[in-house]
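Here's the structure we're looking at; comments come further down.
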Amino acid sequence: MKDFQGTPGTTGGLSLRCCQFLFAAIALCVMVTTSDFSSVTAFCYLVAAVGLQSLWSLSLAILDIYALSVKRSLQNYQVVALFAIGDGITSTLTFAAACASAGITVLIGNDLDSCAHNNCLEFETATTLAFFSWFAVLPSFLLNFWSLASR
């Protein structure tokens with residue numbers, strides 16, 4: 001089967017993994033640097049989800065770099081299945097955490113009008129970056145799933 005850009009072991013796949021990692025890692029750093037994220041369960045869930053997303057994306061980016069450097073194809077059925085399942089799980093967790101955090105951020109900022117006492121800008125930034133990470137994971141998942149289903 002032809003290696004489409006965005007699938008494992010291609011430069012497109014590596015660039016998607018790097019974007020996923022960068023967005024998730026920056027979201028994690030922004031959220032952890034706030035003093036009161038641990039008081040809200042949705043923000044703790046966001047930290048856990050983007051932490052898992054960043055580890056998953058970094059490990060697969062390293063695998064993509066290795067595959068590109070030794071010119072090896074990663075289009076093995078088991079490898080593509082692992083990538084598709086992992087991307088599906090991490091994308092679902094990241095999306096759910098970003099949605100929950102967005103709801104709490106809207107509650108704090110708009111409904112309770114207590115942004116003066118909270119870190120609303122940091123919460124909004126981390127939530128936005130989590131959505132960006134999810135937008136970068138989605139093509140990876142869809143391409144891996146399509147590659148798996150077309151065999």
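In the structure tokens, each chain is lettered A, B, ... as it comes, each chain's residues begin at 1, and ligands are numbered from 1 in order of appearance.
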Within 7 Å of range 3-11 of chain A, counting only C-alpha atoms, which residues qualify if same-chain residues fewer than 2 places away don't, as number ranges by chain? A: 1, 13-16, 64, 67-68, 73-74, 140, 143-144
For the selection just defined, write its residues with all heavy atoms to a file, as an mmCIF file, in the first residue's frame.
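Result went into out.cif, see below:
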```cif
data_model
loop_
_atom_site.group_PDB
_atom_site.id
_atom_site.type_symbol
_atom_site.label_atom_id
_atom_site.label_comp_id
_atom_site.auth_asym_id
_atom_site.auth_seq_id
_atom_site.Cartn_x
_atom_site.Cartn_y
_atom_site.Cartn_z
ATOM 1 N N MET A 1 0.837 -1.175 0.000
ATOM 2 C CA MET A 1 0.000 0.000 0.000
ATOM 3 C C MET A 1 0.885 1.242 0.000
ATOM 4 O O MET A 1 1.925 1.277 0.631
ATOM 5 C CB MET A 1 -0.915 -0.013 1.218
ATOM 6 C CG MET A 1 -1.773 1.200 1.328
ATOM 7 S SD MET A 1 -3.058 0.934 2.524
ATOM 8 C CE MET A 1 -4.259 2.025 1.855
ATOM 9 N N GLY A 13 3.378 12.692 8.622
ATOM 10 C CA GLY A 13 3.048 12.101 9.912
ATOM 11 C C GLY A 13 3.918 12.663 11.027
ATOM 12 O O GLY A 13 3.441 12.932 12.126
ATOM 13 N N LEU A 14 5.203 12.865 10.714
ATOM 14 C CA LEU A 14 6.106 13.450 11.696
ATOM 15 C C LEU A 14 5.714 14.885 12.030
ATOM 16 O O LEU A 14 5.725 15.279 13.200
ATOM 17 C CB LEU A 14 7.548 13.400 11.181
ATOM 18 C CG LEU A 14 8.605 14.025 12.086
ATOM 19 C CD1 LEU A 14 8.650 13.321 13.434
ATOM 20 C CD2 LEU A 14 9.956 13.988 11.402
ATOM 21 N N SER A 15 5.333 15.649 11.028
ATOM 22 C CA SER A 15 4.935 17.037 11.301
ATOM 23 C C SER A 15 3.646 17.087 12.120
ATOM 24 O O SER A 15 3.508 17.940 13.015
ATOM 25 C CB SER A 15 4.793 17.823 9.999
ATOM 26 O OG SER A 15 3.768 17.295 9.204
ATOM 27 N N LEU A 16 2.701 16.190 11.856
ATOM 28 C CA LEU A 16 1.489 16.134 12.682
ATOM 29 C C LEU A 16 1.830 15.766 14.124
ATOM 30 O O LEU A 16 1.293 16.358 15.072
ATOM 31 C CB LEU A 16 0.494 15.126 12.107
ATOM 32 C CG LEU A 16 -0.309 15.565 10.900
ATOM 33 C CD1 LEU A 16 -1.113 14.391 10.342
ATOM 34 C CD2 LEU A 16 -1.238 16.704 11.254
ATOM 35 N N ASP A 64 8.714 7.866 14.315
ATOM 36 C CA ASP A 64 8.695 8.370 12.939
ATOM 37 C C ASP A 64 10.077 8.838 12.497
ATOM 38 O O ASP A 64 10.486 8.597 11.356
ATOM 39 C CB ASP A 64 7.689 9.514 12.799
ATOM 40 C CG ASP A 64 6.264 9.043 12.629
ATOM 41 O OD1 ASP A 64 6.066 7.849 12.299
ATOM 42 O OD2 ASP A 64 5.346 9.848 12.837
ATOM 43 N N ALA A 67 12.068 5.774 11.744
ATOM 44 C CA ALA A 67 11.633 5.143 10.486
ATOM 45 C C ALA A 67 12.101 5.943 9.277
ATOM 46 O O ALA A 67 12.492 5.374 8.256
ATOM 47 C CB ALA A 67 10.115 4.991 10.467
ATOM 48 N N LEU A 68 12.075 7.259 9.375
ATOM 49 C CA LEU A 68 12.540 8.093 8.270
ATOM 50 C C LEU A 68 14.050 8.023 8.106
ATOM 51 O O LEU A 68 14.561 8.042 6.979
ATOM 52 C CB LEU A 68 12.096 9.541 8.470
ATOM 53 C CG LEU A 68 10.613 9.818 8.257
ATOM 54 C CD1 LEU A 68 10.260 11.219 8.732
ATOM 55 C CD2 LEU A 68 10.242 9.627 6.803
ATOM 56 N N SER A 73 9.414 1.426 6.336
ATOM 57 C CA SER A 73 7.980 1.696 6.280
ATOM 58 C C SER A 73 7.309 1.200 7.555
ATOM 59 O O SER A 73 7.620 0.126 8.064
ATOM 60 C CB SER A 73 7.363 0.980 5.073
ATOM 61 O OG SER A 73 5.969 1.157 5.060
ATOM 62 N N LEU A 74 6.398 1.991 8.053
ATOM 63 C CA LEU A 74 5.634 1.601 9.243
ATOM 64 C C LEU A 74 4.209 1.200 8.870
ATOM 65 O O LEU A 74 3.282 1.418 9.641
ATOM 66 C CB LEU A 74 5.612 2.762 10.247
ATOM 67 C CG LEU A 74 6.934 3.105 10.909
ATOM 68 C CD1 LEU A 74 6.763 4.306 11.836
ATOM 69 C CD2 LEU A 74 7.495 1.934 11.683
ATOM 70 N N SER A 140 -4.374 12.428 12.067
ATOM 71 C CA SER A 140 -3.575 11.220 12.289
ATOM 72 C C SER A 140 -4.487 10.022 12.529
ATOM 73 O O SER A 140 -4.291 8.956 11.953
ATOM 74 C CB SER A 140 -2.645 11.398 13.489
ATOM 75 O OG SER A 140 -1.689 12.365 13.250
ATOM 76 N N LEU A 143 -6.460 9.134 9.219
ATOM 77 C CA LEU A 143 -5.603 8.497 8.213
ATOM 78 C C LEU A 143 -5.198 7.087 8.629
ATOM 79 O O LEU A 143 -5.196 6.168 7.796
ATOM 80 C CB LEU A 143 -4.370 9.349 7.951
ATOM 81 C CG LEU A 143 -4.591 10.600 7.136
ATOM 82 C CD1 LEU A 143 -3.358 11.485 7.172
ATOM 83 C CD2 LEU A 143 -4.945 10.244 5.706
ATOM 84 N N ASN A 144 -4.870 6.902 9.900
ATOM 85 C CA ASN A 144 -4.516 5.553 10.372
ATOM 86 C C ASN A 144 -5.713 4.626 10.331
ATOM 87 O O ASN A 144 -5.591 3.455 9.944
ATOM 88 C CB ASN A 144 -3.940 5.623 11.776
ATOM 89 C CG ASN A 144 -2.565 6.200 11.808
ATOM 90 O OD1 ASN A 144 -1.794 6.042 10.874
ATOM 91 N ND2 ASN A 144 -2.245 6.886 12.885
#
```
* To do: Pick out each residue of chain A that DSSP on the backbone tags as helix (DSSP H, G or I); I need them as a ChimeraX atom specification.
  => /A:11-32,37-39,41-69,77-111,115-117,120-149
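Compared by their closest atoms to Ser57 in chain A, and using only C-alpha atoms, the residues A:Leu82, A:Val137, A:Cys115, A:Cys29 rank with A:Val137 nearest.
Among the candidate residues A:Ala96, A:Val80, A:Cys18, A:Val106, the one lying nearest to Ala149 in chain A is A:Val80, with distances computed using only C-alpha atoms.
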* Asked: Residues at most 10 Å from Gln53 in chain A, counting only C-alpha atoms, excluding those fewer than 6 positions away in the same chain, as an MDAnalysis selection string?
  -> chainID A and resid 20:21 23:25 28 47 59 86:87 89:91 93:94 130 133:134 137
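Of the residues listed (A:Thr105, A:Asn119, A:Ser150, A:Gln78), A:Asn119 shows the shortest atom-to-atom separation from Thr33 in chain A; distances use only C-alpha atoms.
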